[in-house]
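Asks: Once you've had a glance at the structure underneath, I'll fire off some questions.
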Amino acid sequence: MSVNGRTYERDVEPRMLLVDFLRQDLDLTGTHAGCEHGVCGACTVLVNGRSLRSCLMFAVQANGASVETIEGLANADGSLSILQECFHDHHGLQCGFCTPGMLMTLTEHLRENATPDEQELRVVLTGNLCRCTGYQAIVEAGLDAARRMRAKKEAAE
Amino acid sequence: MKPGPFTYHDPTELADAVALIGAHENARALAGGQSLVPMMNFRYAMPDHLIDLNGVSGLSFIDCGERIRLGAMTRQRDVEFSSDLQHAVPILREALLNVGHRQTRNRGTIGGSICNLDPSAEMPAIMLLHDAELTAQSTRGVRKIPMNKFALGFMTTSLEPDELLTEISFARWGKGHGYGFHEYARRHGDFAICSAGVLIEADSRGEVARIAIVVGGLGATPVRLSAFEAAAKGHRLADELIAEAAAAASRMDALSDAHFSADYRRHLAGVLTRRAMKSAFERIGVAAYV
């Protein structure tokens, strides 16, 4: 499978979950294993562009797929992406456990919806639990990221 | 590793998938995995053979013809974003938005949800509401099962161990029909405690030409208010009809469990049926004041 643009080939047991494969076999520990039964959303990654819970998919099912994780979000020079920067600026995290999942969920949504409103982001984020922030700062970060992405796109045009 | 060991099969043709499920003892079909994989992670489910349907061709389709046809492996996401379905069966999306979250709908399938048959799950209720017909296939042949014969009991379908659900189909309701789906869950996206769905076709006199009401979460499987439906035909679309539907829903049999009493479920059934009726009225263009 390809993970963040890099190709990996491994033999794994069928019962190896995608989240465990990323963390244990590929040492990509940015994806967090939270509840491990599909409730908390911390393990959210993108597979072929779609957000999903990597604790509810077997690694073998991602054979040949293109996987994106939190490790792939930053810019090539190592600087934070717009979305990451906005989480930083708005204090969209405290302990940081849910953050990888939050970022991946919002990454998918903002790719498809350049002009989200607050209610829409709140609904999209229902699949990701955060016990620190009360979500307010996360929603603000998402809205600001959408604004900044639009501004950047306009500047480039 | 959390799940127990199993032999993994990833057929690409339906005939192979059917042969595999027929040939192995303690085999489970893997659809979207949004219920089965948690069960496997907890080791509540320990199949010896897992037959992954995700690579099987021809099981994912949406056909909005004379009848609505959905492939069993159609992702909930694809149903959610289908403008054809939104046009033809608007209640489907309204109910589907209560099914889990974006990440689970990206993966979860319509057929998987129906086969899992959680008592308060939305998709089985919507299929019962539409008198859907399910197509099951095994090496013994193809079988059509009406939804009311499919849901046998608590998370128990009439599928035989060697059968796979391949297709769900149902007749569409008339243009401009009223619809409404309401549910109550402690958190959005959780399994509902109770849900209600309503479809109404009105005639030119503003009377009920056809009505269907389903309530989920009361007992082991969703139930239709068949007696009320039959009695309501020809009645005027008025507030009294909403009140009568709510009363009928709150008289249904209900089960108690550790979390919610039967009385509370019946109360919710009444409230949610009233709301769903009201939505259906409003969508037909009849104001409701209850």
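Residue numbers start at 1 in each chain; chains themselves are named A, B, ... in the order of the structure tokens; ligands are numbered from 1 in the order shown.
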Could you pull out all residues of segment 46-145 of chain A with a DSSP call of strand (DSSP E) and give them as a ChimeraX atom specification?
Replies: /A:46-47,50-53,66-68
Asks: Filtering to all heavy atoms, could you give me those residues as a compact mmCIF listing (two decimals), in the first residue's frame?
Replies:
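out.txt, freshly written:
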```txt
# COMPACT_ATOMS: atom_id res chain seq x y z
N LEU A 46 -7.35 8.58 5.99
CA LEU A 46 -8.02 8.59 4.69
C LEU A 46 -7.52 7.40 3.87
O LEU A 46 -6.31 7.17 3.80
CB LEU A 46 -7.72 9.88 3.92
CG LEU A 46 -8.01 11.22 4.62
CD1 LEU A 46 -7.87 12.38 3.62
CD2 LEU A 46 -9.38 11.24 5.24
N VAL A 47 -8.44 6.64 3.31
CA VAL A 47 -8.08 5.56 2.39
C VAL A 47 -8.73 5.89 1.05
O VAL A 47 -9.95 6.04 0.98
CB VAL A 47 -8.54 4.19 2.91
CG1 VAL A 47 -8.27 3.10 1.88
CG2 VAL A 47 -7.83 3.86 4.22
N ARG A 50 -11.03 8.84 1.33
CA ARG A 50 -12.21 8.80 2.20
C ARG A 50 -11.79 8.57 3.64
O ARG A 50 -11.01 7.67 3.93
CB ARG A 50 -13.16 7.68 1.77
CG ARG A 50 -13.74 7.86 0.39
CD ARG A 50 -15.02 8.66 0.45
NE ARG A 50 -15.54 8.90 -0.89
CZ ARG A 50 -15.48 10.07 -1.53
NH1 ARG A 50 -14.91 11.13 -0.95
NH2 ARG A 50 -15.98 10.20 -2.72
N SER A 51 -12.37 9.36 4.55
CA SER A 51 -12.06 9.16 5.96
C SER A 51 -12.71 7.88 6.46
O SER A 51 -13.85 7.56 6.08
CB SER A 51 -12.57 10.35 6.78
OG SER A 51 -13.98 10.42 6.73
N LEU A 52 -11.99 7.15 7.25
CA LEU A 52 -12.58 5.95 7.87
C LEU A 52 -11.83 5.64 9.15
O LEU A 52 -10.77 6.19 9.44
CB LEU A 52 -12.57 4.76 6.90
CG LEU A 52 -11.25 4.37 6.23
CD1 LEU A 52 -10.37 3.56 7.16
CD2 LEU A 52 -11.55 3.56 4.97
N ARG A 53 -12.41 4.73 9.90
CA ARG A 53 -11.82 4.34 11.17
C ARG A 53 -10.85 3.19 10.90
O ARG A 53 -11.27 2.11 10.48
CB ARG A 53 -12.90 3.89 12.12
CG ARG A 53 -14.04 4.92 12.32
CD ARG A 53 -14.64 4.71 13.67
NE ARG A 53 -15.81 5.50 13.98
CZ ARG A 53 -15.82 6.83 14.15
NH1 ARG A 53 -14.72 7.53 13.92
NH2 ARG A 53 -16.93 7.43 14.52
N SER A 66 -4.32 3.81 -1.40
CA SER A 66 -3.54 4.98 -1.05
C SER A 66 -4.05 5.49 0.29
O SER A 66 -5.20 5.89 0.43
CB SER A 66 -3.73 6.04 -2.14
OG SER A 66 -3.30 7.28 -1.66
N VAL A 67 -3.17 5.45 1.30
CA VAL A 67 -3.56 5.82 2.67
C VAL A 67 -2.90 7.16 3.01
O VAL A 67 -1.76 7.40 2.65
CB VAL A 67 -3.11 4.73 3.67
CG1 VAL A 67 -3.47 5.12 5.10
CG2 VAL A 67 -3.72 3.39 3.30
N GLU A 68 -3.67 8.03 3.67
CA GLU A 68 -3.10 9.28 4.15
C GLU A 68 -3.28 9.34 5.66
O GLU A 68 -4.36 9.07 6.18
CB GLU A 68 -3.82 10.48 3.52
CG GLU A 68 -3.60 10.62 2.02
CD GLU A 68 -4.54 11.65 1.43
OE1 GLU A 68 -4.27 12.85 1.60
OE2 GLU A 68 -5.55 11.25 0.83
```
Asks: Mind checking which residues fall within 12 Å of Gly134 of chain A, counting only C-alpha atoms, ignoring those fewer than 6 positions away in the same chain, and posting them as a ChimeraX atom specification?
Replies: /A:91-94,122,125-126,128,140
Asks: Which chain A residues are at most 10 Å from chain B (counting only C-alpha atoms), as a VMD selection string?
Replies: chain A and resid 13 to 17 20 to 21 35 to 39 41 44 to 47 50 to 58 60 to 61 105 108 to 109 123 to 128
Asks: Can you pull out every residue from segment 198-244 of chain B that DSSP, working from the backbone, puts in helix (DSSP H, G or I), and format the result as a list of chain:residue names?
Replies: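 Of segment 198-244 of chain B, the ones in helix (DSSP H, G or I) are B:Ser226, B:Ala227, B:Phe228, B:Glu229, B:Ala230, B:Ala231, B:Ala232, B:Asp239, B:Glu240, B:Leu241, B:Ile242, B:Ala243, B:Glu244.
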Asks: How would the residues just chosen look if you wrote them out with C-alpha atoms as an mmCIF file, in the first residue's frame?
Replies:
```
data_model
loop_
_atom_site.group_PDB
_atom_site.id
_atom_site.type_symbol
_atom_site.label_atom_id
_atom_site.label_comp_id
_atom_site.auth_asym_id
_atom_site.auth_seq_id
_atom_site.Cartn_x
_atom_site.Cartn_y
_atom_site.Cartn_z
ATOM 1 C CA SER B 226 -50.553 -2.166 9.965
ATOM 2 C CA ALA B 227 -53.936 -1.922 11.701
ATOM 3 C CA PHE B 228 -53.741 1.858 11.874
ATOM 4 C CA GLU B 229 -52.569 2.090 8.262
ATOM 5 C CA ALA B 230 -55.595 0.140 7.052
ATOM 6 C CA ALA B 231 -58.004 2.186 9.178
ATOM 7 C CA ALA B 232 -56.481 5.532 8.149
ATOM 8 C CA ASP B 239 -54.477 16.945 13.163
ATOM 9 C CA GLU B 240 -56.752 14.197 14.521
ATOM 10 C CA LEU B 241 -55.037 11.694 12.243
ATOM 11 C CA ILE B 242 -51.650 12.649 13.684
ATOM 12 C CA ALA B 243 -52.951 12.217 17.216
ATOM 13 C CA GLU B 244 -54.484 8.829 16.333
#
```
Asks: Considering only C-alpha atoms, return as a VMD selection string whatever protein or nucleic-acid residues lie within 10 Å of Pro222 of chain B, sequence-local ones (same chain, fewer than 4 positions apart) excluded.
Replies: chain B and resid 117 to 122 124 to 129 148 151 153 194 to 196 214 to 218
Asks: Find the residues near Thr135 of chain B: any atom within 7 Å, counting only C-alpha atoms, skip ones fewer than 3 places away on the same chain, and give them as a list of chain:residue names.
Replies: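 Non-adjacent residues within range: B:Val142, B:Arg143, B:Lys144, B:Ile145, B:Leu165, B:Thr166, B:Glu167, B:Ile168.
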Asks: Restricting it to N, CA, C and O atoms, dump the selection as a PDB file, in the first residue's frame.
Replies:
```
ATOM      1  N   VAL B 142     -31.130 -18.713  -6.057  1.00  0.00           N
ATOM      2  CA  VAL B 142     -31.475 -17.343  -5.655  1.00  0.00           C
ATOM      3  C   VAL B 142     -32.839 -17.364  -4.979  1.00  0.00           C
ATOM      4  O   VAL B 142     -33.749 -18.079  -5.414  1.00  0.00           O
ATOM      5  N   ARG B 143     -32.975 -16.593  -3.902  1.00  0.00           N
ATOM      6  CA  ARG B 143     -34.225 -16.567  -3.146  1.00  0.00           C
ATOM      7  C   ARG B 143     -34.613 -15.112  -2.892  1.00  0.00           C
ATOM      8  O   ARG B 143     -33.756 -14.292  -2.588  1.00  0.00           O
ATOM      9  N   LYS B 144     -35.892 -14.821  -3.046  1.00  0.00           N
ATOM     10  CA  LYS B 144     -36.397 -13.478  -2.733  1.00  0.00           C
ATOM     11  C   LYS B 144     -37.109 -13.537  -1.386  1.00  0.00           C
ATOM     12  O   LYS B 144     -37.946 -14.421  -1.166  1.00  0.00           O
ATOM     13  N   ILE B 145     -36.787 -12.595  -0.517  1.00  0.00           N
ATOM     14  CA  ILE B 145     -37.369 -12.604   0.825  1.00  0.00           C
ATOM     15  C   ILE B 145     -37.994 -11.231   1.103  1.00  0.00           C
ATOM     16  O   ILE B 145     -37.305 -10.219   1.037  1.00  0.00           O
ATOM     17  N   LEU B 165     -26.738 -11.825   1.106  1.00  0.00           N
ATOM     18  CA  LEU B 165     -27.668 -10.816   0.597  1.00  0.00           C
ATOM     19  C   LEU B 165     -26.985 -10.112  -0.566  1.00  0.00           C
ATOM     20  O   LEU B 165     -25.838  -9.666  -0.445  1.00  0.00           O
ATOM     21  N   THR B 166     -27.665 -10.032  -1.701  1.00  0.00           N
ATOM     22  CA  THR B 166     -27.033  -9.392  -2.857  1.00  0.00           C
ATOM     23  C   THR B 166     -27.730  -8.095  -3.257  1.00  0.00           C
ATOM     24  O   THR B 166     -27.089  -7.196  -3.785  1.00  0.00           O
ATOM     25  N   GLU B 167     -29.043  -8.010  -3.031  1.00  0.00           N
ATOM     26  CA  GLU B 167     -29.780  -6.856  -3.540  1.00  0.00           C
ATOM     27  C   GLU B 167     -30.998  -6.558  -2.687  1.00  0.00           C
ATOM     28  O   GLU B 167     -31.585  -7.459  -2.096  1.00  0.00           O
ATOM     29  N   ILE B 168     -31.339  -5.270  -2.634  1.00  0.00           N
ATOM     30  CA  ILE B 168     -32.541  -4.823  -1.941  1.00  0.00           C
ATOM     31  C   ILE B 168     -33.341  -4.032  -2.968  1.00  0.00           C
ATOM     32  O   ILE B 168     -32.777  -3.178  -3.655  1.00  0.00           O
TER      33      ILE B 168
END
```
Asks: Considering only C-alpha atoms, return as a ChimeraX atom specification whatever protein or nucleic-acid residues lie within 12 Å of Gly234 of chain B, sequence-local ones (same chain, fewer than 6 positions apart) excluded.
Replies: /B:200-211,228,241
Asks: Could you write those residues out with N, CA, C and O atoms, as a PDB file, in the first residue's frame?
Replies:
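Wrote again06.pdb, looks like this:
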```pdb
ATOM      1  N   ILE B 200     -46.794   9.012   3.255  1.00  0.00           N
ATOM      2  CA  ILE B 200     -48.220   9.255   2.970  1.00  0.00           C
ATOM      3  C   ILE B 200     -48.390   9.694   1.519  1.00  0.00           C
ATOM      4  O   ILE B 200     -47.641  10.547   1.041  1.00  0.00           O
ATOM      5  N   GLU B 201     -49.359   9.064   0.860  1.00  0.00           N
ATOM      6  CA  GLU B 201     -49.820   9.586  -0.429  1.00  0.00           C
ATOM      7  C   GLU B 201     -51.224  10.124  -0.224  1.00  0.00           C
ATOM      8  O   GLU B 201     -52.074   9.433   0.340  1.00  0.00           O
ATOM      9  N   ALA B 202     -51.433  11.371  -0.666  1.00  0.00           N
ATOM     10  CA  ALA B 202     -52.757  11.975  -0.523  1.00  0.00           C
ATOM     11  C   ALA B 202     -53.470  11.962  -1.868  1.00  0.00           C
ATOM     12  O   ALA B 202     -52.825  12.022  -2.913  1.00  0.00           O
ATOM     13  N   ASP B 203     -54.804  11.870  -1.841  1.00  0.00           N
ATOM     14  CA  ASP B 203     -55.552  11.993  -3.094  1.00  0.00           C
ATOM     15  C   ASP B 203     -55.953  13.457  -3.299  1.00  0.00           C
ATOM     16  O   ASP B 203     -55.614  14.321  -2.492  1.00  0.00           O
ATOM     17  N   SER B 204     -56.688  13.710  -4.369  1.00  0.00           N
ATOM     18  CA  SER B 204     -56.990  15.099  -4.733  1.00  0.00           C
ATOM     19  C   SER B 204     -57.925  15.761  -3.717  1.00  0.00           C
ATOM     20  O   SER B 204     -58.017  16.982  -3.659  1.00  0.00           O
ATOM     21  N   ARG B 205     -58.635  14.962  -2.904  1.00  0.00           N
ATOM     22  CA  ARG B 205     -59.536  15.531  -1.892  1.00  0.00           C
ATOM     23  C   ARG B 205     -58.825  15.811  -0.568  1.00  0.00           C
ATOM     24  O   ARG B 205     -59.458  16.207   0.403  1.00  0.00           O
ATOM     25  N   GLY B 206     -57.495  15.558  -0.539  1.00  0.00           N
ATOM     26  CA  GLY B 206     -56.773  15.778   0.717  1.00  0.00           C
ATOM     27  C   GLY B 206     -57.002  14.655   1.707  1.00  0.00           C
ATOM     28  O   GLY B 206     -56.943  14.850   2.917  1.00  0.00           O
ATOM     29  N   GLU B 207     -57.309  13.482   1.178  1.00  0.00           N
ATOM     30  CA  GLU B 207     -57.502  12.319   2.053  1.00  0.00           C
ATOM     31  C   GLU B 207     -56.373  11.318   1.833  1.00  0.00           C
ATOM     32  O   GLU B 207     -55.723  11.334   0.788  1.00  0.00           O
ATOM     33  N   VAL B 208     -56.198  10.457   2.810  1.00  0.00           N
ATOM     34  CA  VAL B 208     -55.123   9.472   2.744  1.00  0.00           C
ATOM     35  C   VAL B 208     -55.428   8.433   1.678  1.00  0.00           C
ATOM     36  O   VAL B 208     -56.427   7.717   1.764  1.00  0.00           O
ATOM     37  N   ALA B 209     -54.587   8.370   0.641  1.00  0.00           N
ATOM     38  CA  ALA B 209     -54.739   7.315  -0.354  1.00  0.00           C
ATOM     39  C   ALA B 209     -53.939   6.095   0.085  1.00  0.00           C
ATOM     40  O   ALA B 209     -54.321   4.955  -0.158  1.00  0.00           O
ATOM     41  N   ARG B 210     -52.853   6.374   0.762  1.00  0.00           N
ATOM     42  CA  ARG B 210     -51.968   5.284   1.163  1.00  0.00           C
ATOM     43  C   ARG B 210     -51.078   5.810   2.273  1.00  0.00           C
ATOM     44  O   ARG B 210     -50.600   6.938   2.209  1.00  0.00           O
ATOM     45  N   ILE B 211     -50.867   4.998   3.289  1.00  0.00           N
ATOM     46  CA  ILE B 211     -50.002   5.426   4.391  1.00  0.00           C
ATOM     47  C   ILE B 211     -49.221   4.231   4.912  1.00  0.00           C
ATOM     48  O   ILE B 211     -49.721   3.100   4.905  1.00  0.00           O
ATOM     49  N   PHE B 228     -53.472   0.431  12.025  1.00  0.00           N
ATOM     50  CA  PHE B 228     -53.741   1.858  11.874  1.00  0.00           C
ATOM     51  C   PHE B 228     -53.698   2.265  10.404  1.00  0.00           C
ATOM     52  O   PHE B 228     -54.546   3.029   9.929  1.00  0.00           O
ATOM     53  N   LEU B 241     -55.710  12.886  12.773  1.00  0.00           N
ATOM     54  CA  LEU B 241     -55.037  11.694  12.243  1.00  0.00           C
ATOM     55  C   LEU B 241     -53.649  11.549  12.860  1.00  0.00           C
ATOM     56  O   LEU B 241     -53.199  10.433  13.161  1.00  0.00           O
TER      57      LEU B 241
END
```
Asks: Calculated over only C-alpha atoms, which of the candidates A:Asp77, A:Cys40, A:Ala59, A:Gln24 has the smallest distance to Asp11 of chain A?
Replies: A:Ala59
